[in-house]
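A short write-up of the structure that comes next.
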Protein chains: 2
Amino acid sequence: MVRRNEQRRAALVDAAIEVLAREGARGLTFRAVDTEAAVPVGTASNYFASRDDLLTQAGARVYERLQPDEATIARQRAAGRDREAYAALMRELVGRVAAFRTGYLALLELRLEATRRPELRKVLTERVRADVDANVAYHEASGLPGDATAVKLLMLTLNWLIVEQLTLPDVFTEAERDHLVTAAVERIVTAE
Amino acid sequence: MVRRNEQRRAALVDAAIEVLAREGARGLTFRAVDTEAAVPVGTASNYFASRDDLLTQAGARVYERLQPDEATIARQRAAGRDREAYAALMRELVGRVAAFRTGYLALLELRLEATRRPELRKVLTERVRADVDANVAYHEASGLPGDATAVKLLMLTLNWLIVEQLTLPDVFTEAERDHLVTAAVERIVTAE
DNA sequence: TTGACACCACTCCATGTGTAGTACTACGTT
DNA sequence: AACGTAGTACTACACATGGAGTGGTGTCAA
């Protein structure tokens, strides 16, 4: 029987994200989720029809949780409008996303898993597209310098910088990473 | 007993790369490698002391195979020295790496696995550092415009673009990807 | 003949799934 | 207040899968 306790379902999905980050996509089993969420064996089985179901819901959830919170947005609105402020913003962004280690790693695992699962690929593609569009729209409304291409290029660059930091942290030092973020903004964001 | 037939060992490592790309890091078992390499069950067991051993060797091998071949390097030497030529080069690079789908995906899987395996992380960190250094050195010797920071920024940007293409190909169209590569070179590579 | 290797067979063990069945709890009814 | 019922939490089990490791036999070449 499919269970309907939404609070418990959410706890299971969050547990799934932790498992994804820690053990990888193939380690994401009903059993592992049960253990992570500290619920009895078999619970996840009761809440999700299939592994695909669980995976897809986890994918959607990670994106929800990666959105910046109200306070962060407010702080951004209060900041300046020049490239200096932009760079500071981006450095903060990299730090914030990288701090959400498990979420970001789970996302990477899901991307790789999407390679094999069309249903998941569909969900992730929509999410990522929406994310790109939202960033461009937000940027345009913010009055910060630079065009849509600059926003996309920055997203590409910073994404890989985060991957680098999370998977092989010793390739670049923290100072180098900060320098790269600053340089990226300086060069990519051209005055219009 | 540890076997020493190097040809067979290489075949097994290459098979491991295919398995990594297709099934993920957790799918990389001795059995799966045996099957992929079409050798009897138990062979990989005889050739590698442990799963860590196999993983580490696979990581090193992927990097060997991702290096451009002689012909590509020669073609690059013959090309022009302006940003236009640079952009064309980068578009070709993205195409070439993305065409090596299994190798690149295997690398991503290994990066994620490196999160959990210090030994593998060490090997990969050295490889990636060497790769960055080699790219910077090659660039400086080539006479192309732009500084070391530009090379690193381009590597970051293009790496994620490739991830995007390989994992969620429908987020950007091919035309958009080409446009992004061109724009990246134009903006990141500043004249000195 | 001896040594290295390919190949095969077998045992042991870990892990996961699905589901039947039991226990608990809340809530509505009388 | 006592009872019944529904939904859920939890447990246990049956079944299946897959992988590791190892001992042994066959084969080939020096």
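Labels used: A, B, ... for chains in the order of the structure tokens, numbers from 1 for residues in each chain, and numbers from 1 for ligands as shown.
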
* Going by DSSP on the backbone, which bits of range 84-182 of chain A are helix (DSSP H, G or I)? Write them as a PyMOL selection string, please. => chain A and resi 84-99+101-114+118-142+148-167+174-182

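A least-squares superposition of chain B onto chain A that uses all C-alpha atoms in sequence order produces an RMSD of 0.1 Å.
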
* Name all residues at most 12 Å from Ala10 in chain B (count only C-alpha atoms (C1' of nucleotides); drop same-chain ones fewer than 2 positions away) and give them as a ChimeraX atom specification. => /B:4-8,12-17,33,37,44,47-48,54,57-58,60-62

Based on the selection just made, write N, CA and C atoms of those residues as a PDB file, in the first residue's frame.
ATOM      1  N   ARG B   4      50.553 -11.299 -14.661  1.00  0.00           N
ATOM      2  CA  ARG B   4      51.442 -10.260 -15.185  1.00  0.00           C
ATOM      3  C   ARG B   4      51.348  -9.996 -16.692  1.00  0.00           C
ATOM      4  N   ASN B   5      50.422 -10.660 -17.323  1.00  0.00           N
ATOM      5  CA  ASN B   5      50.243 -10.439 -18.764  1.00  0.00           C
ATOM      6  C   ASN B   5      49.747  -9.011 -19.010  1.00  0.00           C
ATOM      7  N   GLU B   6      50.657  -8.131 -19.466  1.00  0.00           N
ATOM      8  CA  GLU B   6      50.331  -6.696 -19.526  1.00  0.00           C
ATOM      9  C   GLU B   6      49.265  -6.345 -20.555  1.00  0.00           C
ATOM     10  N   GLN B   7      49.263  -7.101 -21.625  1.00  0.00           N
ATOM     11  CA  GLN B   7      48.255  -6.844 -22.666  1.00  0.00           C
ATOM     12  C   GLN B   7      46.855  -7.095 -22.113  1.00  0.00           C
ATOM     13  N   ARG B   8      46.748  -8.199 -21.418  1.00  0.00           N
ATOM     14  CA  ARG B   8      45.459  -8.549 -20.841  1.00  0.00           C
ATOM     15  C   ARG B   8      45.064  -7.548 -19.756  1.00  0.00           C
ATOM     16  N   LEU B  12      41.733  -5.222 -19.610  1.00  0.00           N
ATOM     17  CA  LEU B  12      40.844  -5.200 -18.453  1.00  0.00           C
ATOM     18  C   LEU B  12      40.618  -3.767 -17.969  1.00  0.00           C
ATOM     19  N   VAL B  13      41.679  -2.971 -17.958  1.00  0.00           N
ATOM     20  CA  VAL B  13      41.531  -1.580 -17.514  1.00  0.00           C
ATOM     21  C   VAL B  13      40.618  -0.814 -18.473  1.00  0.00           C
ATOM     22  N   ASP B  14      40.802  -1.043 -19.761  1.00  0.00           N
ATOM     23  CA  ASP B  14      39.932  -0.369 -20.729  1.00  0.00           C
ATOM     24  C   ASP B  14      38.482  -0.808 -20.561  1.00  0.00           C
ATOM     25  N   ALA B  15      38.312  -2.083 -20.303  1.00  0.00           N
ATOM     26  CA  ALA B  15      36.951  -2.576 -20.053  1.00  0.00           C
ATOM     27  C   ALA B  15      36.375  -1.888 -18.820  1.00  0.00           C
ATOM     28  N   ALA B  16      37.225  -1.683 -17.830  1.00  0.00           N
ATOM     29  CA  ALA B  16      36.776  -1.020 -16.599  1.00  0.00           C
ATOM     30  C   ALA B  16      36.254   0.381 -16.902  1.00  0.00           C
ATOM     31  N   ILE B  17      36.905   1.076 -17.818  1.00  0.00           N
ATOM     32  CA  ILE B  17      36.472   2.425 -18.176  1.00  0.00           C
ATOM     33  C   ILE B  17      35.074   2.399 -18.794  1.00  0.00           C
ATOM     34  N   VAL B  33      33.719  -6.304 -14.999  1.00  0.00           N
ATOM     35  CA  VAL B  33      34.880  -6.108 -15.858  1.00  0.00           C
ATOM     36  C   VAL B  33      35.159  -7.372 -16.665  1.00  0.00           C
ATOM     37  N   ALA B  37      35.088  -7.370 -20.704  1.00  0.00           N
ATOM     38  CA  ALA B  37      36.296  -7.732 -21.451  1.00  0.00           C
ATOM     39  C   ALA B  37      36.154  -9.100 -22.106  1.00  0.00           C
ATOM     40  N   ALA B  44      39.595 -10.866 -13.584  1.00  0.00           N
ATOM     41  CA  ALA B  44      39.940  -9.571 -12.977  1.00  0.00           C
ATOM     42  C   ALA B  44      40.393  -9.763 -11.534  1.00  0.00           C
ATOM     43  N   TYR B  47      43.960 -10.327 -11.504  1.00  0.00           N
ATOM     44  CA  TYR B  47      44.849  -9.274 -11.992  1.00  0.00           C
ATOM     45  C   TYR B  47      44.950  -8.051 -11.083  1.00  0.00           C
ATOM     46  N   PHE B  48      43.948  -7.863 -10.262  1.00  0.00           N
ATOM     47  CA  PHE B  48      43.981  -6.674  -9.414  1.00  0.00           C
ATOM     48  C   PHE B  48      43.782  -7.075  -7.970  1.00  0.00           C
ATOM     49  N   LEU B  54      42.013  -1.419  -8.957  1.00  0.00           N
ATOM     50  CA  LEU B  54      41.386  -1.327 -10.277  1.00  0.00           C
ATOM     51  C   LEU B  54      40.947   0.102 -10.579  1.00  0.00           C
ATOM     52  N   GLN B  57      43.943   2.465 -11.228  1.00  0.00           N
ATOM     53  CA  GLN B  57      44.531   2.244 -12.552  1.00  0.00           C
ATOM     54  C   GLN B  57      43.624   2.779 -13.650  1.00  0.00           C
ATOM     55  N   ALA B  58      42.337   2.606 -13.465  1.00  0.00           N
ATOM     56  CA  ALA B  58      41.396   3.122 -14.463  1.00  0.00           C
ATOM     57  C   ALA B  58      41.506   4.642 -14.540  1.00  0.00           C
ATOM     58  N   ALA B  60      44.062   6.582 -13.885  1.00  0.00           N
ATOM     59  CA  ALA B  60      45.278   6.979 -14.584  1.00  0.00           C
ATOM     60  C   ALA B  60      45.118   6.776 -16.088  1.00  0.00           C
ATOM     61  N   ARG B  61      44.520   5.659 -16.443  1.00  0.00           N
ATOM     62  CA  ARG B  61      44.382   5.317 -17.856  1.00  0.00           C
ATOM     63  C   ARG B  61      43.478   6.293 -18.608  1.00  0.00           C
ATOM     64  N   VAL B  62      42.399   6.688 -18.010  1.00  0.00           N
ATOM     65  CA  VAL B  62      41.491   7.623 -18.678  1.00  0.00           C
ATOM     66  C   VAL B  62      42.250   8.878 -19.074  1.00  0.00           C
TER      67      VAL B  62
END

Please report, as a Markdown table, each residue of chain C lying at most 8 Å from range 6-22 of chain D, together with the nearest pair of atoms and the separation in Å rounded to one decimal; use only C-alpha atoms (C1' of nucleotides), and order rows by chain and ascending residue number.
| residue | atom | partner | partner_atom | distance |
| --- | --- | --- | --- | --- |
| C:DT22 | C1' | D:DT11 | C1' | 7.8 |
| C:DA23 | C1' | D:DC10 | C1' | 7.6 |
| C:DC24 | C1' | D:DA9 | C1' | 7.4 |

Any chance you can output those residues with C-alpha atoms (C1' of nucleotides) as a PDB file, in the first residue's frame?
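Wrote it out as out_7.pdb, contents follow:
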ATOM      1  C1'  DT C  22       1.065  -7.815  13.615  1.00  0.00           C
ATOM      2  C1'  DA C  23       0.968  -3.788  16.713  1.00  0.00           C
ATOM      3  C1'  DC C  24      -0.155   0.740  17.614  1.00  0.00           C
TER       4       DC C  24
END

* Find the residues in chain B near chain D: any atom within 10 Å counts, using only C-alpha atoms (C1' of nucleotides). Write them as a PyMOL selection string. => chain B and resi 29-32+42+45-46

Would you put the residues from that selection into a file with all heavy atoms, as a PDB file, in the first residue's frame?
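Generated output (selection-v3.pdb):
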ATOM      1  N   THR B  29      32.543  -3.772 -10.743  1.00  0.00           N
ATOM      2  CA  THR B  29      32.923  -4.951  -9.967  1.00  0.00           C
ATOM      3  C   THR B  29      33.835  -5.822 -10.828  1.00  0.00           C
ATOM      4  O   THR B  29      33.874  -5.669 -12.050  1.00  0.00           O
ATOM      5  CB  THR B  29      31.692  -5.780  -9.593  1.00  0.00           C
ATOM      6  OG1 THR B  29      31.091  -6.263 -10.799  1.00  0.00           O
ATOM      7  CG2 THR B  29      30.690  -4.952  -8.827  1.00  0.00           C
ATOM      8  N   PHE B  30      34.555  -6.677 -10.173  1.00  0.00           N
ATOM      9  CA  PHE B  30      35.410  -7.605 -10.914  1.00  0.00           C
ATOM     10  C   PHE B  30      34.587  -8.371 -11.944  1.00  0.00           C
ATOM     11  O   PHE B  30      34.986  -8.537 -13.095  1.00  0.00           O
ATOM     12  CB  PHE B  30      36.065  -8.586  -9.946  1.00  0.00           C
ATOM     13  CG  PHE B  30      37.149  -7.960  -9.107  1.00  0.00           C
ATOM     14  CD1 PHE B  30      37.405  -8.431  -7.842  1.00  0.00           C
ATOM     15  CD2 PHE B  30      37.910  -6.905  -9.596  1.00  0.00           C
ATOM     16  CE1 PHE B  30      38.414  -7.867  -7.061  1.00  0.00           C
ATOM     17  CE2 PHE B  30      38.909  -6.337  -8.820  1.00  0.00           C
ATOM     18  CZ  PHE B  30      39.164  -6.829  -7.554  1.00  0.00           C
ATOM     19  N   ARG B  31      33.440  -8.814 -11.505  1.00  0.00           N
ATOM     20  CA  ARG B  31      32.574  -9.585 -12.404  1.00  0.00           C
ATOM     21  C   ARG B  31      32.192  -8.793 -13.647  1.00  0.00           C
ATOM     22  O   ARG B  31      32.230  -9.285 -14.771  1.00  0.00           O
ATOM     23  CB  ARG B  31      31.297 -10.004 -11.681  1.00  0.00           C
ATOM     24  CG  ARG B  31      31.469 -11.099 -10.683  1.00  0.00           C
ATOM     25  CD  ARG B  31      31.812 -12.394 -11.403  1.00  0.00           C
ATOM     26  NE  ARG B  31      31.531 -13.570 -10.586  1.00  0.00           N
ATOM     27  CZ  ARG B  31      32.349 -14.070  -9.687  1.00  0.00           C
ATOM     28  NH1 ARG B  31      33.506 -13.502  -9.445  1.00  0.00           N
ATOM     29  NH2 ARG B  31      32.025 -15.156  -9.017  1.00  0.00           N
ATOM     30  N   ALA B  32      31.809  -7.532 -13.438  1.00  0.00           N
ATOM     31  CA  ALA B  32      31.378  -6.695 -14.560  1.00  0.00           C
ATOM     32  C   ALA B  32      32.523  -6.473 -15.536  1.00  0.00           C
ATOM     33  O   ALA B  32      32.323  -6.456 -16.753  1.00  0.00           O
ATOM     34  CB  ALA B  32      30.857  -5.357 -14.042  1.00  0.00           C
ATOM     35  N   GLY B  42      36.385 -14.359 -12.863  1.00  0.00           N
ATOM     36  CA  GLY B  42      37.499 -14.559 -11.947  1.00  0.00           C
ATOM     37  C   GLY B  42      38.802 -13.966 -12.444  1.00  0.00           C
ATOM     38  O   GLY B  42      39.751 -13.808 -11.672  1.00  0.00           O
ATOM     39  N   SER B  45      39.774 -10.695 -10.854  1.00  0.00           N
ATOM     40  CA  SER B  45      40.194 -11.030  -9.493  1.00  0.00           C
ATOM     41  C   SER B  45      41.678 -11.389  -9.466  1.00  0.00           C
ATOM     42  O   SER B  45      42.393 -11.049  -8.536  1.00  0.00           O
ATOM     43  CB  SER B  45      39.396 -12.225  -8.965  1.00  0.00           C
ATOM     44  OG  SER B  45      38.320 -11.814  -8.166  1.00  0.00           O
ATOM     45  N   ASN B  46      42.112 -12.082 -10.489  1.00  0.00           N
ATOM     46  CA  ASN B  46      43.511 -12.510 -10.535  1.00  0.00           C
ATOM     47  C   ASN B  46      44.477 -11.375 -10.885  1.00  0.00           C
ATOM     48  O   ASN B  46      45.665 -11.464 -10.608  1.00  0.00           O
ATOM     49  CB  ASN B  46      43.678 -13.631 -11.560  1.00  0.00           C
ATOM     50  CG  ASN B  46      43.076 -14.926 -11.078  1.00  0.00           C
ATOM     51  OD1 ASN B  46      43.036 -15.173  -9.876  1.00  0.00           O
ATOM     52  ND2 ASN B  46      42.594 -15.741 -12.005  1.00  0.00           N
TER      53      ASN B  46
END
